[in-house]
Structures are given as C-alpha cells and as structure tokens.
Protein chains: 2
Amino acid sequence: MANCSVAASIDVVGTRSAILVLREAIFGTRRFEDFVHRVGIGEPAAAARLKELTAAGLLERVPYQEPGQRTRHEYQLTAKGMDFQPVVYALLQWGSKWETDEAGPPLRATHRACGAAVGVRIRCDAGHDVDPGDVAIEPGPGLITVS
Amino acid sequence: MANCSVAASIDVVGTRSAILVLREAIFGTRRFEDFVHRVGIGEPAAAARLKELTAAGLLERVPYQEPGQRTRHEYQLTAKGMDFQPVVYALLQWGSKWETDEAGPPLRATHRACGAAVGVRIRCDAGHDVDPGDVAIEPGPGLITVS
DNA sequence: TGGCTGACTTCTGTTTACCTAAGTCAGAGT
DNA sequence: ACTCTGACTTAGGTAAACAGAAGTCAGCCA
C-alpha cells in the first residue's frame with residue numbers, strides 16, 4: 001500500500017536501529033562490534049540490520065585482513081548507501097535544532113574545508129533554492145485528491 | 001543512550017506511521033479521516049500518531065468550522081513540523097532514485113516556480129555546497145573514537 | 001592440536017506497533 | 001428529542017522489534 005517514494009524508503013530503513021546503523025556507517029563505522037557498541041543495540045539486532053541493509057544494497061560485506069590476524073569482513077557503504085546521507089544530515093539538522101539536550105551532540109558533521117556545521121537545503125532539479133512554501137505537491141494516479 | 005541528534009529525532013518520529021503521517025501533513029492533509037485513508041493505517045494508529053506528534057510540538061490541533069457543520073479540529077504543521085520538510089524530501093529523493101516501482105510515484109513534489117522536482121542538497125552553515133565526501137565527522141565527549 | 005577472538009547465531013522473553021471490529025461522543029440540523 | 005457524522009476510543013489479538021545470555025564457528029598462532 002506504499003503510495004509514494006517516502007513509504008518505499010521507509011520499507012528499507014523502517015526501524016529505529018536500521019537508521020542508526022546507517023548513520024554509523026555514514027560516520028565511518030565498519031566493524032560488527034563497533035556497530036553494536038556505538039549504536040547501542042544488542043548483537044542480534046545489529047546482525048539482523050546489517051544483513052538487511054546489505055541485502056537491500058546499501059552496505060557491502062567486504063573481506064579485510066589486519067596483519068597477524070585472520071581474514072574478517074567489514075561493512076562498507078555502497079553508492080546507494082551513500083545517497084542516503086542527505087536523510088541522515090537532515091535528521092541531524094532537525095534534531096540539533098529542536099531536540100538537543102543540555103550536553104549537546106557528541107558527534108558533529110562539519111564541512112572539511114571551512115569547519116561549519118553541515119545540513120541540507122531544499123533545492124529543485126533546475127538548481128534553484130526552494131523555500132518550503134514554494135513546494136507544490138502534484139497528485140498522481142491512484143491517490144485521493146487533496147481537498 | 002541516544003548519542004546524537006539523529007537518535008533524538010528518531011525518538012520523536014521513530015515509527016513508520018509517524019513519518020508517513022508527517023509526510024501527509026507536509027503534503028497538505030489536515031483532517032483525521034484523510035490521514036487514515038491516505039497513510040493507509042487504522043484509526044487507532046492514526047489517533048495515536050497524531051496525538052504523539054501534537055504532544056511533541058510538530059502538529060497543532062486547531063478548531064475549524066465549515067458552514068452548516070459543527071466545530072471540528074484539524075491538524076496543522078507548526079514551525080517545528082515544517083522544519084521536518086527536508087527529511088521528507090530527502091526520503092522522497094532517495095526513494096525516487098533507488099526504490100521506485102514500475103508505476104512511478106503517485107505523488108511528486110515540485111518547485112512551484114519552475115516545475116522541476118524538489119530534493120535536497122548537502123550544504124554547510126557558511127553557505128557552501130558540500131559533496132558527501134567533504135563532510136568531516138568530529139567525535140565529541142562520550143563517544144568511542146572511530147578506529 | 002588446541003586455545004583465542006571477533007563475528008555472528010540461537011534461545012527465551014518482553015515490549016511495541018500495528019490490525020479489525022465495535023463501540024462512544026459531541027454537537028449542528030430537523 | 002432525535003438523527004447523523006466525523007472524530008475518535010476500547011477491546012482483543014498478532015507480528016515484529018527488540019533485549020540479554022549463552023552458544024557456535026572460522027581460522028591464525030603457538
């Protein structure tokens with residue numbers, strides 16, 4: 001009954017832990033144990049989310065080997081996973097503005113070149129900056145007309 | 001154990017139905033019955049999400065009256081709710097690129113002035129466009145150092 | 001060959017997120 | 001007073017999303 005791409009996206013990253021795992025992957029986490037500790041979830045949940053995100057094509061399981069260690073596997077973002085970055089930064093931006101606790105965020109995303117905090121802006125495919133009020137919603141087939 | 005604003009955001013809009021209700025609100029839905037039908041959830045779930053989002057300050061319950069009808073209530077986006085638009089458009093953009101089915105999305109967000117599809121771009125507070133690879137993650141207090 | 005370790009899996013139990021179906025309730029119109 | 005309607009609430013059940021503890025397994029090293 002998914003009637004828009006938003007719903008399709010949520011079908012892929014529908015749970016709290018899925019988004020948090022993806023956030024950690026975007027922030028640079030690669031190894032299973034690190035996902036468990038940094039996301040703050042149990043091992044079964046971490047294993048399930050990593051498997052699902054890998055199956056959905058957002059993560060890739062690639063072998064690596066540290067010197068003097070056996071071959072292991074780590075999880076790397078694919079292009080599809082990297083394209084999810086705007087969603088994470090949008091959440092980060094919104095949460096920083098409206099839901100920050102007293103201590104402030106322990107993680108900050110900044111522009112490498114200038115050090116300013118990173119967020120997102122609404123923009124159209126033609127390159128214009130778009131104010132939230134200038135967005136038109138066009139109903140397509142199969143949807144009840146907005147009254 | 002929320003260690004970043006992303007987690008704080010997800011605490012507010014943590015469920016599939018919460019994001020879909022918020023999407024509908026952003027797309028212009030106001031009335032209870034419309035939320036139920038357009039989101040495709042049951043009435044109890046819709047009532048619970050609307051109540052939670054109202055309590056969290058993203059929606060506001062305001063009275064209205066159509067001629068010849070009794071006073072009723074509708075749900076309007078607050079400034080906090082409107083600020084969530086980039087998250088929804090980021091999800092829309094990602095889903096349109098990676099998860100579109102054969103029929104295409106029944107709803108499209110476009111720039112009113114030029115008609116082009118609306119999405120989001122990563123940008124820093126200094127106003128620069130930022131490529132995904134140019135984002136630096138700075139660990140703050142309380143977080144294990146990324147290996 | 002046996003220990004060690006990171007990466008899982010299995011088991012058991014709880015909570016949360018839904019569903020459908022059937023109420024309740026307020027108040028404008030008759 | 002009575003009906004009608006949109007907006008919910010209540011009841012009862014199911015499935016998914018978790019948690020914690022305790023396994024299993026692979027393979028490098030000794």
# chains A, B, ... in the order shown; residues from 1 in each chain; ligands from 1
>>> closest_atom_pairs(of="chain D", to="chain B", cutoff="12 Å", atoms="only C-alpha atoms (C1' of nucleotides)", output="Markdown table")
| residue | atom | partner | partner_atom | distance |
| --- | --- | --- | --- | --- |
| D:DC4 | C1' | B:Gln69 | CA | 11.4 |
| D:DT5 | C1' | B:Gln69 | CA | 9.7 |
| D:DG6 | C1' | B:Glu33 | CA | 7.7 |
| D:DA7 | C1' | B:Phe32 | CA | 6.9 |
| D:DC8 | C1' | B:Ala47 | CA | 7.1 |
| D:DT9 | C1' | B:Pro44 | CA | 7.9 |
| D:DT10 | C1' | B:Pro44 | CA | 9.7 |
| D:DA11 | C1' | B:Pro44 | CA | 11.7 |
| D:DA17 | C1' | B:Thr15 | CA | 11.1 |
>>> interface_residues(of="chain C", to="chain A", cutoff="9 Å", atoms="only C-alpha atoms (C1' of nucleotides)", output="JSON, numbers by chain")
{"C": [6, 7, 8, 9]}
>>> residues_around(residues="Arg123 of chain B", least_positions_apart="3", cutoff="7 Å", atoms="only C-alpha atoms (C1' of nucleotides)", output="list in words")
Val118, Gly119, Val120 and Arg121 of chain A; Gly127, His128, Asp129 and Val130 of chain B
>>> calpha_fit_and_write(fixed="chain B", moving="chain A", output="PDB file with C-alpha atoms, in the first residue's frame")
ATOM      1  CA  MET A   1      21.447   6.028  25.204  1.00  0.00           C
ATOM      2  CA  ALA A   2      20.818   8.463  22.357  1.00  0.00           C
ATOM      3  CA  ASN A   3      24.274   9.639  21.388  1.00  0.00           C
ATOM      4  CA  CYS A   4      23.466  12.066  18.593  1.00  0.00           C
ATOM      5  CA  SER A   5      20.748  14.281  17.231  1.00  0.00           C
ATOM      6  CA  VAL A   6      19.814  11.638  14.728  1.00  0.00           C
ATOM      7  CA  ALA A   7      18.766   9.366  17.552  1.00  0.00           C
ATOM      8  CA  ALA A   8      16.885  12.222  19.197  1.00  0.00           C
ATOM      9  CA  SER A   9      14.999  12.806  15.979  1.00  0.00           C
ATOM     10  CA  ILE A  10      14.144   9.144  15.694  1.00  0.00           C
ATOM     11  CA  ASP A  11      12.824   9.172  19.222  1.00  0.00           C
ATOM     12  CA  VAL A  12      10.203  11.652  18.008  1.00  0.00           C
ATOM     13  CA  VAL A  13       9.386  10.156  14.616  1.00  0.00           C
ATOM     14  CA  GLY A  14      10.540   6.649  15.320  1.00  0.00           C
ATOM     15  CA  THR A  15       7.817   4.603  13.712  1.00  0.00           C
ATOM     16  CA  ARG A  16       6.896   4.045  10.118  1.00  0.00           C
ATOM     17  CA  SER A  17       3.446   5.514  10.615  1.00  0.00           C
ATOM     18  CA  ALA A  18       4.780   8.622  12.344  1.00  0.00           C
ATOM     19  CA  ILE A  19       6.881   9.577   9.342  1.00  0.00           C
ATOM     20  CA  LEU A  20       4.038   8.820   6.962  1.00  0.00           C
ATOM     21  CA  VAL A  21       1.601  10.919   8.978  1.00  0.00           C
ATOM     22  CA  LEU A  22       4.133  13.726   8.971  1.00  0.00           C
ATOM     23  CA  ARG A  23       4.622  13.336   5.229  1.00  0.00           C
ATOM     24  CA  GLU A  24       0.879  13.679   4.702  1.00  0.00           C
ATOM     25  CA  ALA A  25       0.758  16.738   6.944  1.00  0.00           C
ATOM     26  CA  ILE A  26       3.538  18.300   4.870  1.00  0.00           C
ATOM     27  CA  PHE A  27       1.677  17.352   1.696  1.00  0.00           C
ATOM     28  CA  GLY A  28      -1.372  19.211   2.954  1.00  0.00           C
ATOM     29  CA  THR A  29      -3.546  16.738   4.811  1.00  0.00           C
ATOM     30  CA  ARG A  30      -5.357  18.206   7.799  1.00  0.00           C
ATOM     31  CA  ARG A  31      -8.290  16.030   8.794  1.00  0.00           C
ATOM     32  CA  PHE A  32      -8.333  12.801  10.746  1.00  0.00           C
ATOM     33  CA  GLU A  33     -10.178  10.726   8.168  1.00  0.00           C
ATOM     34  CA  ASP A  34      -7.812  11.850   5.427  1.00  0.00           C
ATOM     35  CA  PHE A  35      -4.796  10.829   7.463  1.00  0.00           C
ATOM     36  CA  VAL A  36      -6.337   7.401   7.974  1.00  0.00           C
ATOM     37  CA  HIS A  37      -7.068   6.860   4.286  1.00  0.00           C
ATOM     38  CA  ARG A  38      -4.016   8.453   2.711  1.00  0.00           C
ATOM     39  CA  VAL A  39      -1.475   6.953   5.060  1.00  0.00           C
ATOM     40  CA  GLY A  40      -3.245   3.626   4.864  1.00  0.00           C
ATOM     41  CA  ILE A  41      -3.255   2.884   8.584  1.00  0.00           C
ATOM     42  CA  GLY A  42      -6.008   2.055  11.042  1.00  0.00           C
ATOM     43  CA  GLU A  43      -7.850   4.654  13.063  1.00  0.00           C
ATOM     44  CA  PRO A  44      -6.209   3.713  16.379  1.00  0.00           C
ATOM     45  CA  ALA A  45      -2.740   4.091  14.899  1.00  0.00           C
ATOM     46  CA  ALA A  46      -3.645   7.398  13.274  1.00  0.00           C
ATOM     47  CA  ALA A  47      -5.088   8.756  16.512  1.00  0.00           C
ATOM     48  CA  ALA A  48      -2.004   7.674  18.443  1.00  0.00           C
ATOM     49  CA  ARG A  49       0.463   9.196  15.963  1.00  0.00           C
ATOM     50  CA  LEU A  50      -1.470  12.476  15.709  1.00  0.00           C
ATOM     51  CA  LYS A  51      -1.578  12.719  19.478  1.00  0.00           C
ATOM     52  CA  GLU A  52       2.142  11.986  19.804  1.00  0.00           C
ATOM     53  CA  LEU A  53       3.173  14.402  17.061  1.00  0.00           C
ATOM     54  CA  THR A  54       0.959  17.060  18.619  1.00  0.00           C
ATOM     55  CA  ALA A  55       2.484  16.425  22.051  1.00  0.00           C
ATOM     56  CA  ALA A  56       5.965  16.630  20.515  1.00  0.00           C
ATOM     57  CA  GLY A  57       5.085  20.007  19.011  1.00  0.00           C
ATOM     58  CA  LEU A  58       5.202  19.142  15.322  1.00  0.00           C
ATOM     59  CA  LEU A  59       1.459  19.411  14.839  1.00  0.00           C
ATOM     60  CA  GLU A  60      -1.131  21.722  16.319  1.00  0.00           C
ATOM     61  CA  ARG A  61      -4.784  20.860  16.871  1.00  0.00           C
ATOM     62  CA  VAL A  62      -6.846  23.831  15.770  1.00  0.00           C
ATOM     63  CA  PRO A  63     -10.640  24.221  15.579  1.00  0.00           C
ATOM     64  CA  TYR A  64     -12.366  24.885  12.279  1.00  0.00           C
ATOM     65  CA  GLN A  65     -15.933  25.073  11.164  1.00  0.00           C
ATOM     66  CA  GLU A  66     -17.401  24.449   7.749  1.00  0.00           C
ATOM     67  CA  PRO A  67     -20.697  26.232   7.020  1.00  0.00           C
ATOM     68  CA  GLY A  68     -23.642  24.234   8.299  1.00  0.00           C
ATOM     69  CA  GLN A  69     -21.340  21.934  10.250  1.00  0.00           C
ATOM     70  CA  ARG A  70     -20.388  21.705  13.867  1.00  0.00           C
ATOM     71  CA  THR A  71     -16.993  22.804  15.124  1.00  0.00           C
ATOM     72  CA  ARG A  72     -14.265  20.256  14.468  1.00  0.00           C
ATOM     73  CA  HIS A  73     -10.503  20.077  14.809  1.00  0.00           C
ATOM     74  CA  GLU A  74      -7.796  19.773  12.228  1.00  0.00           C
ATOM     75  CA  TYR A  75      -4.032  19.233  12.481  1.00  0.00           C
ATOM     76  CA  GLN A  76      -1.714  21.937  11.240  1.00  0.00           C
ATOM     77  CA  LEU A  77       2.051  21.869  10.974  1.00  0.00           C
ATOM     78  CA  THR A  78       3.931  24.025  13.459  1.00  0.00           C
ATOM     79  CA  ALA A  79       7.291  25.632  12.696  1.00  0.00           C
ATOM     80  CA  LYS A  80       8.926  22.590  14.236  1.00  0.00           C
ATOM     81  CA  GLY A  81       6.916  20.344  11.953  1.00  0.00           C
ATOM     82  CA  MET A  82       7.688  22.436   8.885  1.00  0.00           C
ATOM     83  CA  ASP A  83      11.376  22.189   9.670  1.00  0.00           C
ATOM     84  CA  PHE A  84      11.009  18.469   9.141  1.00  0.00           C
ATOM     85  CA  GLN A  85      10.385  19.002   5.437  1.00  0.00           C
ATOM     86  CA  PRO A  86      14.013  18.432   4.388  1.00  0.00           C
ATOM     87  CA  VAL A  87      13.891  14.966   5.936  1.00  0.00           C
ATOM     88  CA  VAL A  88      10.769  14.079   3.974  1.00  0.00           C
ATOM     89  CA  TYR A  89      12.133  15.479   0.729  1.00  0.00           C
ATOM     90  CA  ALA A  90      15.409  13.658   1.288  1.00  0.00           C
ATOM     91  CA  LEU A  91      13.491  10.401   1.724  1.00  0.00           C
ATOM     92  CA  LEU A  92      11.414  11.227  -1.333  1.00  0.00           C
ATOM     93  CA  GLN A  93      14.538  11.905  -3.350  1.00  0.00           C
ATOM     94  CA  TRP A  94      16.282   8.742  -2.251  1.00  0.00           C
ATOM     95  CA  GLY A  95      13.209   6.589  -2.773  1.00  0.00           C
ATOM     96  CA  SER A  96      12.578   8.084  -6.197  1.00  0.00           C
ATOM     97  CA  LYS A  97      16.103   7.248  -7.256  1.00  0.00           C
ATOM     98  CA  TRP A  98      16.497   3.799  -5.756  1.00  0.00           C
ATOM     99  CA  GLU A  99      13.127   2.307  -4.877  1.00  0.00           C
ATOM    100  CA  THR A 100      10.653   3.508  -7.468  1.00  0.00           C
ATOM    101  CA  ASP A 101       8.334   0.791  -8.723  1.00  0.00           C
ATOM    102  CA  GLU A 102       7.107   0.469 -12.297  1.00  0.00           C
ATOM    103  CA  ALA A 103       4.156   2.816 -11.894  1.00  0.00           C
ATOM    104  CA  GLY A 104       6.239   5.674 -10.510  1.00  0.00           C
ATOM    105  CA  PRO A 105       5.272   7.803  -7.544  1.00  0.00           C
ATOM    106  CA  PRO A 106       1.637   8.914  -7.323  1.00  0.00           C
ATOM    107  CA  LEU A 107       2.805  12.080  -5.595  1.00  0.00           C
ATOM    108  CA  ARG A 108       5.505  14.431  -6.752  1.00  0.00           C
ATOM    109  CA  ALA A 109       6.995  17.460  -5.057  1.00  0.00           C
ATOM    110  CA  THR A 110       7.913  20.229  -7.479  1.00  0.00           C
ATOM    111  CA  HIS A 111       9.239  23.769  -7.369  1.00  0.00           C
ATOM    112  CA  ARG A 112       6.225  26.029  -7.824  1.00  0.00           C
ATOM    113  CA  ALA A 113       8.176  28.557  -9.855  1.00  0.00           C
ATOM    114  CA  CYS A 114       9.776  26.246 -12.395  1.00  0.00           C
ATOM    115  CA  GLY A 115       8.084  22.861 -12.107  1.00  0.00           C
ATOM    116  CA  ALA A 116      11.262  20.888 -11.499  1.00  0.00           C
ATOM    117  CA  ALA A 117      11.327  18.073  -8.965  1.00  0.00           C
ATOM    118  CA  VAL A 118      12.343  19.065  -5.475  1.00  0.00           C
ATOM    119  CA  GLY A 119      15.115  17.400  -3.512  1.00  0.00           C
ATOM    120  CA  VAL A 120      17.791  18.356  -1.039  1.00  0.00           C
ATOM    121  CA  ARG A 121      21.460  19.206  -1.213  1.00  0.00           C
ATOM    122  CA  ILE A 122      24.067  18.935   1.496  1.00  0.00           C
ATOM    123  CA  ARG A 123      25.278  22.366   2.502  1.00  0.00           C
ATOM    124  CA  CYS A 124      27.255  23.827   5.358  1.00  0.00           C
ATOM    125  CA  ASP A 125      26.267  26.743   7.561  1.00  0.00           C
ATOM    126  CA  ALA A 126      28.747  28.974   5.748  1.00  0.00           C
ATOM    127  CA  GLY A 127      26.749  28.500   2.560  1.00  0.00           C
ATOM    128  CA  HIS A 128      29.022  26.172   0.644  1.00  0.00           C
ATOM    129  CA  ASP A 129      27.694  23.229  -1.303  1.00  0.00           C
ATOM    130  CA  VAL A 130      29.272  20.162   0.242  1.00  0.00           C
ATOM    131  CA  ASP A 131      30.047  16.904  -1.493  1.00  0.00           C
ATOM    132  CA  PRO A 132      29.310  13.824   0.622  1.00  0.00           C
ATOM    133  CA  GLY A 133      33.023  13.056   0.784  1.00  0.00           C
ATOM    134  CA  ASP A 134      33.848  16.491   2.156  1.00  0.00           C
ATOM    135  CA  VAL A 135      31.962  15.967   5.386  1.00  0.00           C
ATOM    136  CA  ALA A 136      34.081  15.505   8.480  1.00  0.00           C
ATOM    137  CA  ILE A 137      32.686  13.745  11.516  1.00  0.00           C
ATOM    138  CA  GLU A 138      33.999  15.182  14.758  1.00  0.00           C
ATOM    139  CA  PRO A 139      33.689  12.900  17.761  1.00  0.00           C
ATOM    140  CA  GLY A 140      32.589  14.695  20.881  1.00  0.00           C
ATOM    141  CA  PRO A 141      32.668  13.671  24.551  1.00  0.00           C
ATOM    142  CA  GLY A 142      31.219  10.332  25.528  1.00  0.00           C
ATOM    143  CA  LEU A 143      31.801   8.586  22.254  1.00  0.00           C
ATOM    144  CA  ILE A 144      34.315   5.877  21.489  1.00  0.00           C
ATOM    145  CA  THR A 145      36.905   7.118  19.033  1.00  0.00           C
ATOM    146  CA  VAL A 146      36.356   5.940  15.504  1.00  0.00           C
ATOM    147  CA  SER A 147      39.237   3.623  14.675  1.00  0.00           C
TER     148      SER A 147
END
>>> residues_around(residues="DA22 of chain D", least_positions_apart="5", cutoff="12 Å", atoms="only C-alpha atoms (C1' of nucleotides)", output="count of residues only")
4
>>> select_by_dssp(residues="segment 26-79 of chain B", states="strand (DSSP E)", output="list of chain:residue names")
B:Leu59, B:Glu60, B:Arg61, B:Val62, B:Pro63, B:Tyr64, B:Arg72, B:His73, B:Glu74, B:Tyr75, B:Gln76, B:Leu77
>>> write_last_selection(atoms="C-alpha atoms", output="PDB file, in the first residue's frame")
ATOM      1  CA  LEU B  59       1.434  19.416  14.865  1.00  0.00           C
ATOM      2  CA  GLU B  60      -1.144  21.704  16.351  1.00  0.00           C
ATOM      3  CA  ARG B  61      -4.790  20.853  16.898  1.00  0.00           C
ATOM      4  CA  VAL B  62      -6.853  23.824  15.787  1.00  0.00           C
ATOM      5  CA  PRO B  63     -10.629  24.219  15.582  1.00  0.00           C
ATOM      6  CA  TYR B  64     -12.342  24.910  12.290  1.00  0.00           C
ATOM      7  CA  ARG B  72     -14.239  20.276  14.447  1.00  0.00           C
ATOM      8  CA  HIS B  73     -10.496  20.074  14.816  1.00  0.00           C
ATOM      9  CA  GLU B  74      -7.783  19.772  12.243  1.00  0.00           C
ATOM     10  CA  TYR B  75      -4.052  19.245  12.499  1.00  0.00           C
ATOM     11  CA  GLN B  76      -1.727  21.958  11.263  1.00  0.00           C
ATOM     12  CA  LEU B  77       2.037  21.876  10.998  1.00  0.00           C
TER      13      LEU B  77
END
>>> residues_around(residues="DA16 of chain D", least_positions_apart="2", cutoff="9 Å", atoms="only C-alpha atoms (C1' of nucleotides)", output="short mmCIF file (atom, residue, chain, number, x, y, z; two decimals) with N, CA and C atoms (P, O5', C5', C4', C3', O3' and C1' of nucleotides), in the first residue's frame")
data_model
loop_
_atom_site.label_atom_id
_atom_site.label_comp_id
_atom_site.auth_asym_id
_atom_site.auth_seq_id
_atom_site.Cartn_x
_atom_site.Cartn_y
_atom_site.Cartn_z
P DT C 16 7.34 -0.47 25.74
"O5'" DT C 16 7.05 -0.36 24.17
"C5'" DT C 16 8.12 -0.58 23.26
"C4'" DT C 16 7.56 -0.78 21.87
"C3'" DT C 16 6.46 0.21 21.49
"O3'" DT C 16 6.89 0.85 20.30
"C1'" DT C 16 5.85 -2.01 20.92
P DA C 17 5.97 1.93 19.57
"O5'" DA C 17 5.38 1.10 18.36
"C5'" DA C 17 6.25 0.41 17.48
"C4'" DA C 17 5.41 -0.29 16.43
"C3'" DA C 17 4.28 0.57 15.86
"O3'" DA C 17 4.20 0.36 14.46
"C1'" DA C 17 3.39 -1.41 16.75
P DC D 18 14.25 -2.39 16.38
"O5'" DC D 18 15.00 -3.68 16.96
"C5'" DC D 18 15.90 -3.56 18.02
"C4'" DC D 18 15.21 -3.85 19.35
"C3'" DC D 18 16.11 -4.51 20.36
"O3'" DC D 18 16.88 -3.52 21.01
"C1'" DC D 18 13.93 -5.52 20.36
#
>>> residues_around(residues="DG2 of chain C", least_positions_apart="2", cutoff="12 Å", atoms="only C-alpha atoms (C1' of nucleotides)", output="list of chain:residue names")
C:DC4, D:DC29, D:DA30
>>> atom_distance(atom1="atom C1' of DC18 of chain C", atom2="atom C1' of DG12 of chain D")
12.9 Å
